[in-house]
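**Q** After the structure tokens below, expect a handful of questions from me.
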Amino acid sequence: MKKIIGPMLLLFLILSACSGNKDTADPKKSDEAAPVNAETPINVPLINTEGDKVGEAELSENSKGVAIHVRVEGLQPGKRAIHLHETGKCAPPDFKSAGAHFNPGHKEHGFHNPKGYHEGDLPNLEVAADGKVDAVLKTADVTLERGKPNSLLDKDGSALVIHAGEDDYVTDPAGNAGDRIVCGEIVKEGN
Ligand SMILES: [Cu+2]
């Protein structure tokens, strides 16, 4: 009996080692298992120009970047610009307090701008006919890790801003996107 237990134990160890390798080789699984910022997810209430809550965003991070899950209602249907702005302050009605686009790399605005783009640039939102948006935007250009030059959680935080118009992806400094109509402060205690 003793003679058998040795090889069987070895076999068991080999099998479990193999299945372990399989897990990490699966790109989807290793993505989920990647270290995630301990402070995430960060919940960001979104307000309109009257200061009323019209939705929320949830920011999370994995090795591929930051995902921003945006849920808003009461907007005009169609394409609306959305950006990360440099200051985590949303003072209605114009939200100028959020400052310019988040742009630590000092580029110009727009994915189609040869001198672009800002780290805070994001693809346009598609507002449905019922005025609602439920979308996940992903960006590898920012982080939620403190201390990094492209961290949204810098001293004064950052803001998520939706505009009345569509981002043309080229006009500096803000894509000709019109007024700021929704804003959310990306801040976390300890800033
Ligand atoms: Cu903007």
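Chain labels follow the order of the structure tokens: the first chain is A, the next B, and so on; residue numbering restarts at 1 in every chain, and ligands are counted from 1 in their shown order.
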Sorted by chain and rising residue number, which residues of chain A lie within 12 Å of ligand 1, and what are their closest atom pairs and distances in Å to one decimal, counting only C-alpha atoms and all ligand atoms, as a tab-separated table?
**A**
```
residue	atom	partner	partner_atom_place_in_ligand_line	distance
A:Arg80	CA	ligand 1	1 (Cu)	10.1
A:Ala81	CA	ligand 1	1 (Cu)	6.8
A:Ile82	CA	ligand 1	1 (Cu)	5.8
A:His83	CA	ligand 1	1 (Cu)	4.5
A:Leu84	CA	ligand 1	1 (Cu)	6.6
A:His85	CA	ligand 1	1 (Cu)	6.2
A:Glu86	CA	ligand 1	1 (Cu)	9.7
A:Thr87	CA	ligand 1	1 (Cu)	11.5
A:Asp94	CA	ligand 1	1 (Cu)	11.6
A:Phe95	CA	ligand 1	1 (Cu)	9.9
A:Lys96	CA	ligand 1	1 (Cu)	9.9
A:Ser97	CA	ligand 1	1 (Cu)	11.8
A:Ala98	CA	ligand 1	1 (Cu)	9.0
A:Gly99	CA	ligand 1	1 (Cu)	8.9
A:Ala100	CA	ligand 1	1 (Cu)	7.2
A:His101	CA	ligand 1	1 (Cu)	6.0
A:Phe102	CA	ligand 1	1 (Cu)	9.0
A:Asn103	CA	ligand 1	1 (Cu)	11.5
A:His109	CA	ligand 1	1 (Cu)	10.0
A:Gly110	CA	ligand 1	1 (Cu)	11.1
A:His118	CA	ligand 1	1 (Cu)	10.6
A:Glu119	CA	ligand 1	1 (Cu)	11.7
A:Gly120	CA	ligand 1	1 (Cu)	8.3
A:Asp121	CA	ligand 1	1 (Cu)	7.9
A:Leu122	CA	ligand 1	1 (Cu)	9.2
A:Pro123	CA	ligand 1	1 (Cu)	11.2
A:Asn124	CA	ligand 1	1 (Cu)	10.6
A:Ser158	CA	ligand 1	1 (Cu)	11.5
A:Ala159	CA	ligand 1	1 (Cu)	9.2
A:Leu160	CA	ligand 1	1 (Cu)	7.9
A:Val161	CA	ligand 1	1 (Cu)	5.4
A:Ile162	CA	ligand 1	1 (Cu)	6.4
A:His163	CA	ligand 1	1 (Cu)	6.3
A:Ala164	CA	ligand 1	1 (Cu)	9.9
A:Gly165	CA	ligand 1	1 (Cu)	10.1
A:Glu166	CA	ligand 1	1 (Cu)	10.2
A:Asp167	CA	ligand 1	1 (Cu)	8.6
A:Asp168	CA	ligand 1	1 (Cu)	11.8
A:Tyr169	CA	ligand 1	1 (Cu)	11.4
A:Thr171	CA	ligand 1	1 (Cu)	11.9
A:Asp172	CA	ligand 1	1 (Cu)	11.0
A:Pro173	CA	ligand 1	1 (Cu)	8.9
A:Ala174	CA	ligand 1	1 (Cu)	5.8
A:Gly175	CA	ligand 1	1 (Cu)	8.0
A:Asn176	CA	ligand 1	1 (Cu)	9.3
A:Ala177	CA	ligand 1	1 (Cu)	7.3
A:Gly178	CA	ligand 1	1 (Cu)	8.6
A:Asp179	CA	ligand 1	1 (Cu)	8.6
A:Arg180	CA	ligand 1	1 (Cu)	6.9
A:Ile181	CA	ligand 1	1 (Cu)	9.8
A:Val182	CA	ligand 1	1 (Cu)	9.9
A:Cys183	CA	ligand 1	1 (Cu)	9.5
A:Gly184	CA	ligand 1	1 (Cu)	11.7
```
**Q** Mind giving me the straight-line distance from atom CA of A:Gly55 to atom CA of A:Arg71 in Å, one decimal?
**A**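 Atom CA of A:Arg71 lies 5.4 Å from atom CA of A:Gly55.
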**Q** What is the distance between atom CA of A:Asn62 and atom CA of A:Asp156, in Å to one decimal?
**A**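 The value is 22.9 Å.
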**Q** Hey, what's within 8 Å of A:Lys132 if we count only C-alpha atoms and toss same-chain stuff fewer than 5 positions away? As a list in words, please?
**A**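 After dropping sequence-adjacent residues, the list is Arg71, Val72, Glu73, Gly74, Leu75, Pro77 and Val127 of chain A.
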**Q** How far is it from atom CA of A:Asn43 to atom CA of A:Ala57, in Å with one decimal?
**A**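 Computed distance, atom CA of A:Asn43 to atom CA of A:Ala57, equals 6.0 Å.
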**Q** Quick one: residues within 8 Å of A:Gly78, only C-alpha atoms counted, chain neighbours fewer than 5 positions away excluded, as a ChimeraX atom specification?
**A** /A:126-129
**Q** Compare A:Lys53, A:Lys115, A:Lys138, A:His106 by their minimum atom-to-atom distance to A:Cys90, counting only C-alpha atoms, and give me the closest one.
**A**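 The answer is A:Lys53, which sits nearest to A:Cys90.
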**Q** Just list the residues in stretch 73-174 of chain A DSSP gives strand (DSSP E or B) on the backbone, as a compact mmCIF listing (two decimals) with all heavy atoms, in the first residue's frame.
**A**
```
# COMPACT_ATOMS: atom_id res chain seq x y z
N GLY A 78 -29.81 61.16 -28.67
CA GLY A 78 -28.76 61.48 -29.63
C GLY A 78 -27.38 61.36 -29.01
O GLY A 78 -27.23 60.87 -27.90
N LYS A 79 -26.37 61.84 -29.75
CA LYS A 79 -25.00 61.74 -29.27
C LYS A 79 -24.65 62.90 -28.36
O LYS A 79 -24.93 64.05 -28.69
CB LYS A 79 -24.04 61.71 -30.46
CG LYS A 79 -24.06 60.40 -31.19
CD LYS A 79 -23.02 60.39 -32.30
CE LYS A 79 -23.07 59.05 -33.01
NZ LYS A 79 -22.38 59.09 -34.30
N ARG A 80 -24.04 62.59 -27.23
CA ARG A 80 -23.64 63.63 -26.28
C ARG A 80 -22.19 63.39 -25.89
O ARG A 80 -21.79 62.26 -25.58
CB ARG A 80 -24.48 63.55 -25.00
CG ARG A 80 -25.97 63.67 -25.21
CD ARG A 80 -26.40 65.12 -25.44
NE ARG A 80 -27.76 65.14 -25.98
CZ ARG A 80 -28.06 65.41 -27.26
NH1 ARG A 80 -27.10 65.71 -28.11
NH2 ARG A 80 -29.30 65.40 -27.67
N ILE A 82 -18.96 63.34 -23.58
CA ILE A 82 -18.68 63.08 -22.16
C ILE A 82 -17.17 63.09 -21.99
O ILE A 82 -16.44 62.52 -22.80
CB ILE A 82 -19.31 61.75 -21.69
CG1 ILE A 82 -18.99 61.48 -20.21
CG2 ILE A 82 -18.88 60.56 -22.56
CD1 ILE A 82 -19.82 60.37 -19.59
N HIS A 83 -16.71 63.79 -20.98
CA HIS A 83 -15.27 63.90 -20.74
C HIS A 83 -14.96 63.81 -19.25
O HIS A 83 -15.82 64.06 -18.41
CB HIS A 83 -14.74 65.28 -21.19
CG HIS A 83 -15.14 65.70 -22.55
ND1 HIS A 83 -15.80 66.87 -22.80
CD2 HIS A 83 -14.97 65.09 -23.75
CE1 HIS A 83 -16.02 66.99 -24.12
NE2 HIS A 83 -15.54 65.91 -24.71
N LEU A 84 -13.70 63.54 -18.97
CA LEU A 84 -13.18 63.67 -17.62
C LEU A 84 -12.54 65.06 -17.53
O LEU A 84 -11.66 65.39 -18.32
CB LEU A 84 -12.14 62.59 -17.35
CG LEU A 84 -12.71 61.17 -17.36
CD1 LEU A 84 -11.62 60.15 -17.65
CD2 LEU A 84 -13.40 60.87 -16.04
N HIS A 85 -13.03 65.86 -16.59
CA HIS A 85 -12.48 67.21 -16.41
C HIS A 85 -11.56 67.23 -15.19
O HIS A 85 -11.57 66.32 -14.38
CB HIS A 85 -13.62 68.21 -16.27
CG HIS A 85 -14.29 68.54 -17.59
ND1 HIS A 85 -14.40 69.81 -18.09
CD2 HIS A 85 -14.87 67.72 -18.51
CE1 HIS A 85 -15.03 69.77 -19.27
NE2 HIS A 85 -15.33 68.52 -19.54
N HIS A 101 -10.52 70.02 -19.56
CA HIS A 101 -10.38 68.56 -19.65
C HIS A 101 -9.16 68.09 -18.86
O HIS A 101 -8.17 68.80 -18.77
CB HIS A 101 -10.20 68.12 -21.11
CG HIS A 101 -11.45 68.23 -21.91
ND1 HIS A 101 -11.52 67.86 -23.22
CD2 HIS A 101 -12.68 68.67 -21.55
CE1 HIS A 101 -12.75 68.06 -23.66
NE2 HIS A 101 -13.48 68.56 -22.67
N GLU A 108 -3.56 68.48 -27.23
CA GLU A 108 -4.78 69.16 -27.65
C GLU A 108 -5.95 68.18 -27.60
O GLU A 108 -5.75 66.97 -27.46
CB GLU A 108 -4.62 69.74 -29.07
CG GLU A 108 -3.68 70.91 -29.10
CD GLU A 108 -3.74 71.70 -30.40
OE1 GLU A 108 -4.59 71.41 -31.27
OE2 GLU A 108 -2.92 72.62 -30.54
N GLY A 116 -3.43 65.60 -30.63
CA GLY A 116 -4.23 65.12 -29.51
C GLY A 116 -3.78 63.78 -29.02
O GLY A 116 -2.84 63.21 -29.60
N ASP A 121 -10.39 62.64 -22.65
CA ASP A 121 -11.30 62.44 -23.79
C ASP A 121 -11.94 61.06 -23.72
O ASP A 121 -11.28 60.07 -23.42
CB ASP A 121 -10.53 62.58 -25.10
CG ASP A 121 -10.16 64.02 -25.42
OD1 ASP A 121 -10.43 64.90 -24.58
OD2 ASP A 121 -9.59 64.26 -26.50
N LEU A 125 -21.47 59.56 -25.86
CA LEU A 125 -22.55 58.72 -25.35
C LEU A 125 -23.68 58.69 -26.38
O LEU A 125 -23.89 59.66 -27.08
CB LEU A 125 -23.13 59.31 -24.06
CG LEU A 125 -22.34 59.22 -22.77
CD1 LEU A 125 -23.10 59.98 -21.68
CD2 LEU A 125 -22.11 57.78 -22.37
N GLU A 126 -24.39 57.58 -26.44
CA GLU A 126 -25.58 57.47 -27.29
C GLU A 126 -26.79 57.46 -26.37
O GLU A 126 -27.04 56.48 -25.69
CB GLU A 126 -25.55 56.15 -28.07
CG GLU A 126 -24.56 56.12 -29.20
CD GLU A 126 -25.11 56.71 -30.51
OE1 GLU A 126 -26.30 57.14 -30.54
OE2 GLU A 126 -24.35 56.75 -31.47
N VAL A 127 -27.52 58.55 -26.38
CA VAL A 127 -28.72 58.61 -25.54
C VAL A 127 -29.89 58.00 -26.33
O VAL A 127 -30.15 58.41 -27.46
CB VAL A 127 -29.05 60.06 -25.14
CG1 VAL A 127 -30.26 60.09 -24.21
CG2 VAL A 127 -27.85 60.72 -24.48
N VAL A 133 -29.32 56.56 -20.79
CA VAL A 133 -28.04 56.01 -21.20
C VAL A 133 -27.63 54.96 -20.17
O VAL A 133 -27.77 55.18 -18.97
CB VAL A 133 -26.92 57.08 -21.18
CG1 VAL A 133 -25.59 56.46 -21.59
CG2 VAL A 133 -27.25 58.25 -22.07
N ASP A 134 -27.16 53.83 -20.66
CA ASP A 134 -26.54 52.84 -19.79
C ASP A 134 -25.36 52.29 -20.57
O ASP A 134 -25.53 51.45 -21.45
CB ASP A 134 -27.55 51.73 -19.45
CG ASP A 134 -27.01 50.77 -18.39
OD1 ASP A 134 -25.77 50.65 -18.27
OD2 ASP A 134 -27.82 50.14 -17.69
N ALA A 135 -24.18 52.83 -20.29
CA ALA A 135 -23.02 52.50 -21.12
C ALA A 135 -21.78 52.32 -20.26
O ALA A 135 -21.66 52.93 -19.20
CB ALA A 135 -22.78 53.60 -22.14
N VAL A 136 -20.87 51.49 -20.76
CA VAL A 136 -19.58 51.33 -20.08
C VAL A 136 -18.50 51.88 -21.01
O VAL A 136 -18.34 51.42 -22.13
CB VAL A 136 -19.29 49.86 -19.76
CG1 VAL A 136 -17.92 49.73 -19.10
CG2 VAL A 136 -20.37 49.28 -18.86
N LEU A 137 -17.81 52.90 -20.54
CA LEU A 137 -16.71 53.50 -21.30
C LEU A 137 -15.41 53.01 -20.70
O LEU A 137 -15.26 52.98 -19.48
CB LEU A 137 -16.79 55.03 -21.21
CG LEU A 137 -18.15 55.65 -21.51
CD1 LEU A 137 -18.15 57.12 -21.14
CD2 LEU A 137 -18.48 55.47 -22.98
N LYS A 138 -14.46 52.66 -21.58
CA LYS A 138 -13.18 52.16 -21.07
C LYS A 138 -12.05 53.04 -21.55
O LYS A 138 -12.03 53.47 -22.69
CB LYS A 138 -12.97 50.72 -21.53
CG LYS A 138 -13.93 49.77 -20.87
CD LYS A 138 -13.71 48.35 -21.29
CE LYS A 138 -14.70 47.44 -20.57
NZ LYS A 138 -14.75 46.11 -21.13
N THR A 139 -11.12 53.31 -20.65
CA THR A 139 -9.94 54.09 -21.03
C THR A 139 -8.70 53.57 -20.31
O THR A 139 -8.74 53.30 -19.11
CB THR A 139 -10.13 55.59 -20.73
OG1 THR A 139 -8.86 56.24 -20.87
CG2 THR A 139 -10.67 55.84 -19.33
N THR A 143 -5.77 56.55 -14.51
CA THR A 143 -5.77 55.53 -13.45
C THR A 143 -6.47 56.10 -12.22
O THR A 143 -6.70 57.31 -12.13
CB THR A 143 -4.32 55.13 -13.09
OG1 THR A 143 -4.35 54.14 -12.06
CG2 THR A 143 -3.52 56.31 -12.58
N SER A 151 -3.45 60.17 -12.56
CA SER A 151 -4.45 59.69 -11.61
C SER A 151 -5.63 60.66 -11.52
O SER A 151 -5.45 61.86 -11.30
CB SER A 151 -3.83 59.51 -10.23
OG SER A 151 -4.84 59.11 -9.31
N SER A 158 -11.33 64.80 -9.81
CA SER A 158 -11.66 65.04 -11.22
C SER A 158 -13.18 65.03 -11.34
O SER A 158 -13.88 64.72 -10.38
CB SER A 158 -11.08 63.93 -12.10
OG SER A 158 -9.72 63.74 -11.81
N ALA A 159 -13.67 65.35 -12.52
CA ALA A 159 -15.13 65.36 -12.71
C ALA A 159 -15.49 64.66 -14.01
O ALA A 159 -14.72 64.68 -14.98
CB ALA A 159 -15.64 66.79 -12.73
N LEU A 160 -16.65 64.02 -13.99
CA LEU A 160 -17.21 63.44 -15.21
C LEU A 160 -18.28 64.41 -15.69
O LEU A 160 -19.19 64.74 -14.94
CB LEU A 160 -17.81 62.07 -14.87
CG LEU A 160 -18.24 61.21 -16.05
CD1 LEU A 160 -17.04 60.81 -16.91
CD2 LEU A 160 -18.95 59.95 -15.56
N VAL A 161 -18.15 64.89 -16.92
CA VAL A 161 -19.04 65.93 -17.43
C VAL A 161 -19.68 65.49 -18.74
O VAL A 161 -19.00 65.02 -19.65
CB VAL A 161 -18.26 67.26 -17.65
CG1 VAL A 161 -19.17 68.30 -18.30
CG2 VAL A 161 -17.71 67.79 -16.34
N ILE A 162 -21.01 65.65 -18.83
CA ILE A 162 -21.73 65.41 -20.08
C ILE A 162 -22.14 66.76 -20.65
O ILE A 162 -22.54 67.66 -19.91
CB ILE A 162 -22.99 64.53 -19.85
CG1 ILE A 162 -22.58 63.18 -19.25
CG2 ILE A 162 -23.76 64.33 -21.16
CD1 ILE A 162 -23.76 62.30 -18.86
N HIS A 163 -22.00 66.90 -21.98
CA HIS A 163 -22.29 68.16 -22.66
C HIS A 163 -23.60 68.08 -23.44
O HIS A 163 -24.07 67.00 -23.78
CB HIS A 163 -21.14 68.51 -23.60
CG HIS A 163 -19.86 68.86 -22.91
ND1 HIS A 163 -19.45 70.15 -22.71
CD2 HIS A 163 -18.91 68.07 -22.35
CE1 HIS A 163 -18.28 70.15 -22.07
NE2 HIS A 163 -17.93 68.90 -21.83
```
**Q** Can you list, as a PyMOL selection string, every residue of stretch 6-178 of chain A that DSSP puts in alpha helix (DSSP H)?
**A** chain A and resi 6-25+27-33
